[in-house]
Amino acid sequence: RESLTAGLASRLGPGVFLGGFCGWFWNNGHNMWGCVHFTCRKSLATQVDMNRGVEEERERIPMSQRPEWADIRPVPQDDGPNPVVPITPMSSAKPWITSEPYTWRMNDPHAHFNSLKKSFFSIQGITLFLAVNVKTIGSSVDAYKAEVWQFRRLILDALNVDLHEELHFVDQITKDNSKNYQIWHHRRWVAEKLGTQIASKELEFTREIFSQDAKNYHAWSHRQWVLQALGGWENELAYCDELLEDDIFNNSAWNQRYFVVTRSPLLGGLEVMRDSEVAYAIKAILAKPENESPWRYLRGLYKNNVNSLVNDPRVASVCLDVLLDKRDCVHALNMVLDLLSHHHQPSNELKDAVDAVSPDPKPSDSNFAERVCSILQLVDPIRASYWRWRKTSMPAQD
Amino acid sequence: MGELMTEKHVKYILSVEKKKDDFESVVMEHLRVNGAYWGLTTLDILGRLDAVDQDEVVSWIMQCQHESGGFGGNIGHDPHILYTLSAIQVLALFDKIDVLDVEKVANYIASLQNEDGSFSGDMWGEIDTRFSYIAICSLALLHRLDKINVERAVKYIVSCKNLDGGFGCTPGAESHAGQSIFCCVGALAITGSLHHVDKDLLGWWLCERQVKSGGLNGRPEKLPDVCYSWWVLSSLIMIDRVHWIDKGKLVNFILDCQDKENGGISDRPDDAVDVFHTYFGVAGLSLLEFPD
């Protein structure tokens, strides 16, 4: 297993590590082989520029005569009977399957390109491209190009690179480009190859991302995949606790909580967990009644079966508590409506509490449910149409 | 009520189309086909599609096609379902779908369907309900929905339904207005499968996206963004619940996101503009039947 840096350093000078690939290279937006072509053109031109002041005569020496390239030889490539990933270069020819001698001519990029294609599957050649790939991927513009990552995966496979190193490399790039689909997909590919041993590292990594952006959709998608494919459920509910303690409004954490409660092989499923989770949701509601998420979570715990919601006295009770506190009551009133529409009989205490939050001193609706809707139209005017519709769709009240 | 700066937006889009060296172009270079769709559709909505050279655009789009039948984001780029839809949409804008080898493109898309009905984005296998929508929308435009297993595709989408009535990118993932709700509802609408959607529940979730400023966010407790004027709005329209939001306030929010000097629309007021948000802002206004 070859380390990228070691392989590269031993074969090429520091010139190759220079920037300058990026802007010019990517402005020409080509497919994989194009990438190779222009990368090498630029890398050698850059090396030449760098060396110019000190080693002027080196410019004139063709690559074929430079000692550091002496060990590059064309290697016949055998894709095997059923290549999983057939490589489709710009042309349909497979120039790497040849034993023609190559020539290096600095001023003929096409000959150069062909030579490099021929040496593609030599270890040295691939190391060069992988290192160049590293440098070009560093710029965030490049990291959005799916081809770059695809190309990289081909090389990683061909070189049998230590994927722990690859993951470490991807760590930093992910942190700088945390909303980039290609990078997360690449990360998943690497993690899948590494298998269950990498589960805790991946959970740790997404945790780091969440410390910067606790709602990063890509990271949550990755974390859910890790749990299901690689395991690591043990502390997940506790982690949700942590995130919600930080920010009780974090809808992603509430979603993850539901994910864990319903899918964790260690917890016994929704039926078993329901009671304690209802208590958890209610506590969150009392802390911040204007928070959309725990109200939805509560409904979700009963799988939106409102009859069951009605039968749990804690639900009506929390609505009453919120209303009595005279705090943001939109969601509480909405829940009252849901209960009423399933034949919940409101206590007088609840009715009084509802009337107490009405901005209208003389409500005209005699029907309690309609009164709730009217109040909602006033306290949540942006959704007045919705509340009007709710009024018309309430079943007949006693 | 503010004014839609139509001419400035047209000028802005045409300038983006011409510039190939500035930052926005470099960043967009690998998804130029998407950018073309956003820019050209905006011009079309504003009644100014004639401002571009149709033949030049069609010819360039066709050069983006890969031998597999799929389209890349630009000439010489590897194919992906994302760019394939935009390419088809651009051709449809110009009424030039006939330049396609429909069979070939349809086969490419169909080849991306997996056993469980989901779709991958390309040969490398990333699965996402976005790709379900893209595949179904593409094939609908080509009148070749018969190429895929629609029943399984629908089944997979339904497996991504959440208890809040919304949909995630994969089963269990959080409901997200743009990433997945629009895509899933769109796919179900096209395939005549909207009966799987609890319209009242989802409608309520969607109308809760409207915040005080009148703008729409994509998930609870997130900031509003002009692009959700499309994702949320069109979802509401597909399920017949668009009257549940305050249209006037949304119109004002979108108009406030315009750059009144240089044209273009940004994600929220006073941010930098881009073609993506310009398109979704204008498209949102058109859905809201904003008077021109």
# chains A, B, ... in the order shown; residues from 1 in each chain; ligands from 1
$ residues_around --residues "region 273-289 of chain B" --least-positions-apart "3" --cutoff "8 Å" --atoms "only C-alpha atoms" --output "list in words"
His9, Ile13, Val16, Glu24, Gly35, Trp38, Gly39, Thr41, Thr42, Ile45, Val226, Cys227, Tyr228, Ser229, Trp230, Leu233, Ser234, Lys247, Val251, Ile254, Gln258, Asp259, Gly264, Ile265, Ser266 and Asp267 of chain B
$ write_last_selection --atoms "N, CA and C atoms" --output "mmCIF file, in the first residue's frame"
data_model
loop_
_atom_site.group_PDB
_atom_site.id
_atom_site.type_symbol
_atom_site.label_atom_id
_atom_site.label_comp_id
_atom_site.auth_asym_id
_atom_site.auth_seq_id
_atom_site.Cartn_x
_atom_site.Cartn_y
_atom_site.Cartn_z
ATOM 1 N N HIS B 9 -33.630 42.294 -15.130
ATOM 2 C CA HIS B 9 -33.380 40.859 -14.952
ATOM 3 C C HIS B 9 -32.972 40.218 -16.275
ATOM 4 N N ILE B 13 -29.437 38.272 -16.913
ATOM 5 C CA ILE B 13 -29.310 36.893 -17.377
ATOM 6 C C ILE B 13 -28.485 36.822 -18.659
ATOM 7 N N VAL B 16 -24.840 37.074 -17.838
ATOM 8 C CA VAL B 16 -24.286 35.842 -17.267
ATOM 9 C C VAL B 16 -24.004 34.845 -18.376
ATOM 10 N N GLU B 24 -18.767 33.901 -11.062
ATOM 11 C CA GLU B 24 -20.004 33.117 -11.125
ATOM 12 C C GLU B 24 -19.924 32.073 -12.240
ATOM 13 N N GLY B 35 -27.623 25.879 -15.424
ATOM 14 C CA GLY B 35 -27.683 27.340 -15.485
ATOM 15 C C GLY B 35 -28.449 27.816 -16.698
ATOM 16 N N TRP B 38 -32.102 27.483 -15.978
ATOM 17 C CA TRP B 38 -32.617 28.535 -15.097
ATOM 18 C C TRP B 38 -32.741 29.865 -15.848
ATOM 19 N N GLY B 39 -31.680 30.225 -16.564
ATOM 20 C CA GLY B 39 -31.661 31.508 -17.268
ATOM 21 C C GLY B 39 -32.699 31.577 -18.382
ATOM 22 N N THR B 41 -35.394 29.693 -18.924
ATOM 23 C CA THR B 41 -36.786 29.620 -18.481
ATOM 24 C C THR B 41 -37.231 30.957 -17.909
ATOM 25 N N THR B 42 -36.321 31.630 -17.206
ATOM 26 C CA THR B 42 -36.653 32.958 -16.695
ATOM 27 C C THR B 42 -36.972 33.894 -17.852
ATOM 28 N N ILE B 45 -40.382 33.087 -19.153
ATOM 29 C CA ILE B 45 -41.470 33.581 -18.301
ATOM 30 C C ILE B 45 -41.632 35.087 -18.481
ATOM 31 N N VAL B 226 -35.574 32.743 -1.184
ATOM 32 C CA VAL B 226 -36.437 32.945 -2.350
ATOM 33 C C VAL B 226 -36.710 31.649 -3.126
ATOM 34 N N CYS B 227 -35.739 30.741 -3.130
ATOM 35 C CA CYS B 227 -35.956 29.535 -3.946
ATOM 36 C C CYS B 227 -37.111 28.697 -3.424
ATOM 37 N N TYR B 228 -37.399 28.833 -2.129
ATOM 38 C CA TYR B 228 -38.542 28.084 -1.616
ATOM 39 C C TYR B 228 -39.862 28.657 -2.116
ATOM 40 N N SER B 229 -39.819 29.864 -2.671
ATOM 41 C CA SER B 229 -41.009 30.394 -3.332
ATOM 42 C C SER B 229 -41.436 29.446 -4.433
ATOM 43 N N TRP B 230 -40.493 28.726 -4.973
ATOM 44 C CA TRP B 230 -40.858 27.736 -5.978
ATOM 45 C C TRP B 230 -41.147 26.384 -5.340
ATOM 46 N N LEU B 233 -44.183 26.602 -2.966
ATOM 47 C CA LEU B 233 -45.358 27.083 -3.678
ATOM 48 C C LEU B 233 -45.873 26.050 -4.670
ATOM 49 N N SER B 234 -44.984 25.507 -5.474
ATOM 50 C CA SER B 234 -45.464 24.555 -6.476
ATOM 51 C C SER B 234 -45.961 23.279 -5.813
ATOM 52 N N LYS B 247 -50.306 35.203 0.033
ATOM 53 C CA LYS B 247 -49.641 35.447 -1.244
ATOM 54 C C LYS B 247 -49.037 36.846 -1.320
ATOM 55 N N VAL B 251 -45.191 37.780 -2.238
ATOM 56 C CA VAL B 251 -44.832 38.614 -3.391
ATOM 57 C C VAL B 251 -43.890 39.727 -2.947
ATOM 58 N N ILE B 254 -40.359 38.446 -2.286
ATOM 59 C CA ILE B 254 -39.598 38.170 -3.508
ATOM 60 C C ILE B 254 -39.127 39.471 -4.148
ATOM 61 N N GLN B 258 -34.887 41.573 -5.041
ATOM 62 C CA GLN B 258 -34.324 41.987 -6.332
ATOM 63 C C GLN B 258 -33.157 42.936 -6.112
ATOM 64 N N ASP B 259 -32.191 42.885 -7.042
ATOM 65 C CA ASP B 259 -31.175 43.927 -7.104
ATOM 66 C C ASP B 259 -31.718 44.937 -8.116
ATOM 67 N N GLY B 264 -31.351 40.798 -11.389
ATOM 68 C CA GLY B 264 -31.115 39.544 -10.689
ATOM 69 C C GLY B 264 -31.810 39.547 -9.340
ATOM 70 N N ILE B 265 -31.990 38.335 -8.801
ATOM 71 C CA ILE B 265 -32.673 38.161 -7.513
ATOM 72 C C ILE B 265 -31.775 37.313 -6.615
ATOM 73 N N SER B 266 -31.777 37.630 -5.316
ATOM 74 C CA SER B 266 -30.927 36.889 -4.376
ATOM 75 C C SER B 266 -31.782 36.048 -3.436
ATOM 76 N N ASP B 267 -31.126 35.260 -2.578
ATOM 77 C CA ASP B 267 -31.870 34.349 -1.694
ATOM 78 C C ASP B 267 -32.688 35.104 -0.658
#
$ residues_around --residues "Trp244 (chain B)" --least-positions-apart "2" --cutoff "8 Å" --atoms "only C-alpha atoms" --output "JSON, numbers by chain"
{"A": [383, 384, 385, 386], "B": [203, 204, 207, 241, 242, 246]}
$ interface_residues --of "chain B" --to "chain A" --cutoff "7 Å" --atoms "only C-alpha atoms" --output "PDB file with N, CA and C atoms, in the first residue's frame"
ATOM      1  N   VAL B  26     -17.211  30.683 -13.518  1.00  0.00           N
ATOM      2  CA  VAL B  26     -16.266  29.621 -13.169  1.00  0.00           C
ATOM      3  C   VAL B  26     -16.923  28.639 -12.208  1.00  0.00           C
ATOM      4  N   VAL B  27     -17.612  29.186 -11.225  1.00  0.00           N
ATOM      5  CA  VAL B  27     -18.261  28.321 -10.244  1.00  0.00           C
ATOM      6  C   VAL B  27     -19.346  27.477 -10.899  1.00  0.00           C
ATOM      7  N   HIS B  30     -19.325  23.742 -14.338  1.00  0.00           N
ATOM      8  CA  HIS B  30     -19.598  22.311 -14.420  1.00  0.00           C
ATOM      9  C   HIS B  30     -21.097  22.019 -14.427  1.00  0.00           C
ATOM     10  N   GLY B  76     -18.055  17.791 -22.874  1.00  0.00           N
ATOM     11  CA  GLY B  76     -16.975  16.927 -22.434  1.00  0.00           C
ATOM     12  C   GLY B  76     -17.122  16.414 -21.008  1.00  0.00           C
ATOM     13  N   HIS B  77     -18.164  16.831 -20.324  1.00  0.00           N
ATOM     14  CA  HIS B  77     -18.346  16.368 -18.944  1.00  0.00           C
ATOM     15  C   HIS B  77     -19.068  15.032 -18.910  1.00  0.00           C
ATOM     16  N   ASP B  78     -18.816  14.296 -17.826  1.00  0.00           N
ATOM     17  CA  ASP B  78     -19.469  13.001 -17.681  1.00  0.00           C
ATOM     18  C   ASP B  78     -20.974  13.181 -17.472  1.00  0.00           C
ATOM     19  N   GLU B 126     -25.123   7.147  -6.374  1.00  0.00           N
ATOM     20  CA  GLU B 126     -25.757   7.950  -5.320  1.00  0.00           C
ATOM     21  C   GLU B 126     -27.274   7.906  -5.506  1.00  0.00           C
ATOM     22  N   LEU B 163     -43.787  11.340   9.000  1.00  0.00           N
ATOM     23  CA  LEU B 163     -45.031  11.515   9.750  1.00  0.00           C
ATOM     24  C   LEU B 163     -45.523  12.950   9.783  1.00  0.00           C
ATOM     25  N   ASP B 164     -44.675  13.890   9.365  1.00  0.00           N
ATOM     26  CA  ASP B 164     -45.178  15.261   9.289  1.00  0.00           C
ATOM     27  C   ASP B 164     -45.882  15.491   7.957  1.00  0.00           C
ATOM     28  N   GLY B 172     -36.549   7.842   6.133  1.00  0.00           N
ATOM     29  CA  GLY B 172     -36.122   8.280   7.460  1.00  0.00           C
ATOM     30  C   GLY B 172     -35.485   9.655   7.485  1.00  0.00           C
ATOM     31  N   ALA B 173     -35.121  10.168   6.341  1.00  0.00           N
ATOM     32  CA  ALA B 173     -34.478  11.489   6.313  1.00  0.00           C
ATOM     33  C   ALA B 173     -35.502  12.589   6.549  1.00  0.00           C
ATOM     34  N   GLU B 174     -35.036  13.704   7.089  1.00  0.00           N
ATOM     35  CA  GLU B 174     -35.887  14.827   7.460  1.00  0.00           C
ATOM     36  C   GLU B 174     -36.631  15.389   6.246  1.00  0.00           C
ATOM     37  N   PRO B 220     -38.488  23.669   9.429  1.00  0.00           N
ATOM     38  CA  PRO B 220     -38.794  24.483  10.605  1.00  0.00           C
ATOM     39  C   PRO B 220     -37.568  25.194  11.169  1.00  0.00           C
ATOM     40  N   GLU B 221     -37.742  26.425  11.550  1.00  0.00           N
ATOM     41  CA  GLU B 221     -36.715  27.217  12.220  1.00  0.00           C
ATOM     42  C   GLU B 221     -35.499  27.527  11.359  1.00  0.00           C
ATOM     43  N   HIS B 243     -53.777  28.381  -1.409  1.00  0.00           N
ATOM     44  CA  HIS B 243     -54.493  29.488  -0.775  1.00  0.00           C
ATOM     45  C   HIS B 243     -54.236  29.561   0.726  1.00  0.00           C
ATOM     46  N   TRP B 244     -53.498  28.593   1.247  1.00  0.00           N
ATOM     47  CA  TRP B 244     -53.228  28.599   2.683  1.00  0.00           C
ATOM     48  C   TRP B 244     -52.073  29.518   3.067  1.00  0.00           C
ATOM     49  N   ILE B 245     -51.321  30.021   2.088  1.00  0.00           N
ATOM     50  CA  ILE B 245     -50.282  30.982   2.462  1.00  0.00           C
ATOM     51  C   ILE B 245     -50.762  32.388   2.127  1.00  0.00           C
ATOM     52  N   ASP B 246     -50.037  33.369   2.674  1.00  0.00           N
ATOM     53  CA  ASP B 246     -50.369  34.762   2.410  1.00  0.00           C
ATOM     54  C   ASP B 246     -49.602  35.191   1.156  1.00  0.00           C
TER      55      ASP B 246
END
$ atom_distance --atom1 "CA of Gln54 (chain B)" --atom2 "CA of Lys104 (chain B)"
23.1 Å
$ closest_residue --among "B:Asn262, B:Ser86, B:Asn114, B:Ser235" --to "Lys199 (chain B)" --atoms "only C-alpha atoms"
B:Ser235
$ select_by_dssp --residues "region 202-283 of chain A" --states "alpha helix (DSSP H)" --output "JSON, numbers by chain"
{"A": [202, 203, 204, 205, 206, 207, 208, 209, 210, 211, 212, 217, 218, 219, 220, 221, 222, 223, 224, 225, 226, 227, 228, 229, 230, 236, 237, 238, 239, 240, 241, 242, 243, 244, 245, 246, 251, 252, 253, 254, 255, 256, 257, 258, 259, 260, 261, 262, 263, 270, 271, 272, 273, 274, 275, 276, 277, 278, 279, 280, 281, 282, 283]}
$ closest_residue --among "B:Thr170, B:Gln65, B:Asn107, B:Ser159" --to "Thr129 (chain B)" --atoms "only C-alpha atoms"
B:Thr170
$ atom_distance --atom1 "CA of Trp205 (chain B)" --atom2 "CA of Phe167 (chain B)"
11.1 Å
$ atom_distance --atom1 "CA of Gly218 (chain B)" --atom2 "CA of Leu236 (chain B)"
13.1 Å
$ select_by_dssp --residues "region 52-226 of chain B" --states "strand (DSSP E or B)" --output "PyMOL selection string"
chain B and resi 65+71-72+79+113+119-120+127+161+167+210+216
$ write_last_selection --atoms "C-alpha atoms" --output "PDB file, in the first residue's frame"
ATOM      1  CA  GLN B  65     -24.595  14.750 -24.669  1.00  0.00           C
ATOM      2  CA  PHE B  71     -25.988  14.738 -20.705  1.00  0.00           C
ATOM      3  CA  GLY B  72     -23.058  16.256 -18.857  1.00  0.00           C
ATOM      4  CA  PRO B  79     -23.217  12.353 -17.849  1.00  0.00           C
ATOM      5  CA  GLN B 113     -33.439   2.750 -11.809  1.00  0.00           C
ATOM      6  CA  PHE B 119     -32.937   6.094  -8.946  1.00  0.00           C
ATOM      7  CA  SER B 120     -29.212   6.704  -8.963  1.00  0.00           C
ATOM      8  CA  ILE B 127     -29.466   7.483  -4.502  1.00  0.00           C
ATOM      9  CA  LYS B 161     -42.811   9.741   3.478  1.00  0.00           C
ATOM     10  CA  PHE B 167     -40.754  13.480   2.364  1.00  0.00           C
ATOM     11  CA  GLN B 210     -44.071  31.118   5.782  1.00  0.00           C
ATOM     12  CA  LEU B 216     -40.694  30.827   2.933  1.00  0.00           C
TER      13      LEU B 216
END
$ residues_around --residues "region 192-206 of chain A" --least-positions-apart "5" --cutoff "7 Å" --atoms "only C-alpha atoms" --output "mmCIF file with N, CA, C and O atoms, in the first residue's frame"
data_model
loop_
_atom_site.group_PDB
_atom_site.id
_atom_site.type_symbol
_atom_site.label_atom_id
_atom_site.label_comp_id
_atom_site.auth_asym_id
_atom_site.auth_seq_id
_atom_site.Cartn_x
_atom_site.Cartn_y
_atom_site.Cartn_z
ATOM 1 N N ALA A 219 -24.923 15.975 6.095
ATOM 2 C CA ALA A 219 -24.307 15.272 7.219
ATOM 3 C C ALA A 219 -25.325 14.363 7.901
ATOM 4 O O ALA A 219 -24.991 13.250 8.313
ATOM 5 N N ARG A 223 -25.026 10.434 8.344
ATOM 6 C CA ARG A 223 -25.085 9.814 9.670
ATOM 7 C C ARG A 223 -26.133 8.696 9.699
ATOM 8 O O ARG A 223 -25.916 7.640 10.266
ATOM 9 N N VAL A 226 -24.704 5.740 7.946
ATOM 10 C CA VAL A 226 -23.696 5.071 8.763
ATOM 11 C C VAL A 226 -24.363 4.155 9.781
ATOM 12 O O VAL A 226 -24.011 2.986 9.931
ATOM 13 N N LEU A 230 -23.465 0.587 9.012
ATOM 14 C CA LEU A 230 -22.264 0.218 9.748
ATOM 15 C C LEU A 230 -22.479 0.063 11.251
ATOM 16 O O LEU A 230 -21.591 -0.404 11.959
ATOM 17 N N GLY A 231 -23.633 0.519 11.731
ATOM 18 C CA GLY A 231 -23.915 0.359 13.160
ATOM 19 C C GLY A 231 -23.498 1.557 13.994
ATOM 20 O O GLY A 231 -23.188 2.612 13.469
ATOM 21 N N GLY A 232 -23.534 1.377 15.325
ATOM 22 C CA GLY A 232 -23.129 2.450 16.231
ATOM 23 C C GLY A 232 -24.298 3.135 16.918
ATOM 24 O O GLY A 232 -24.190 4.266 17.367
#
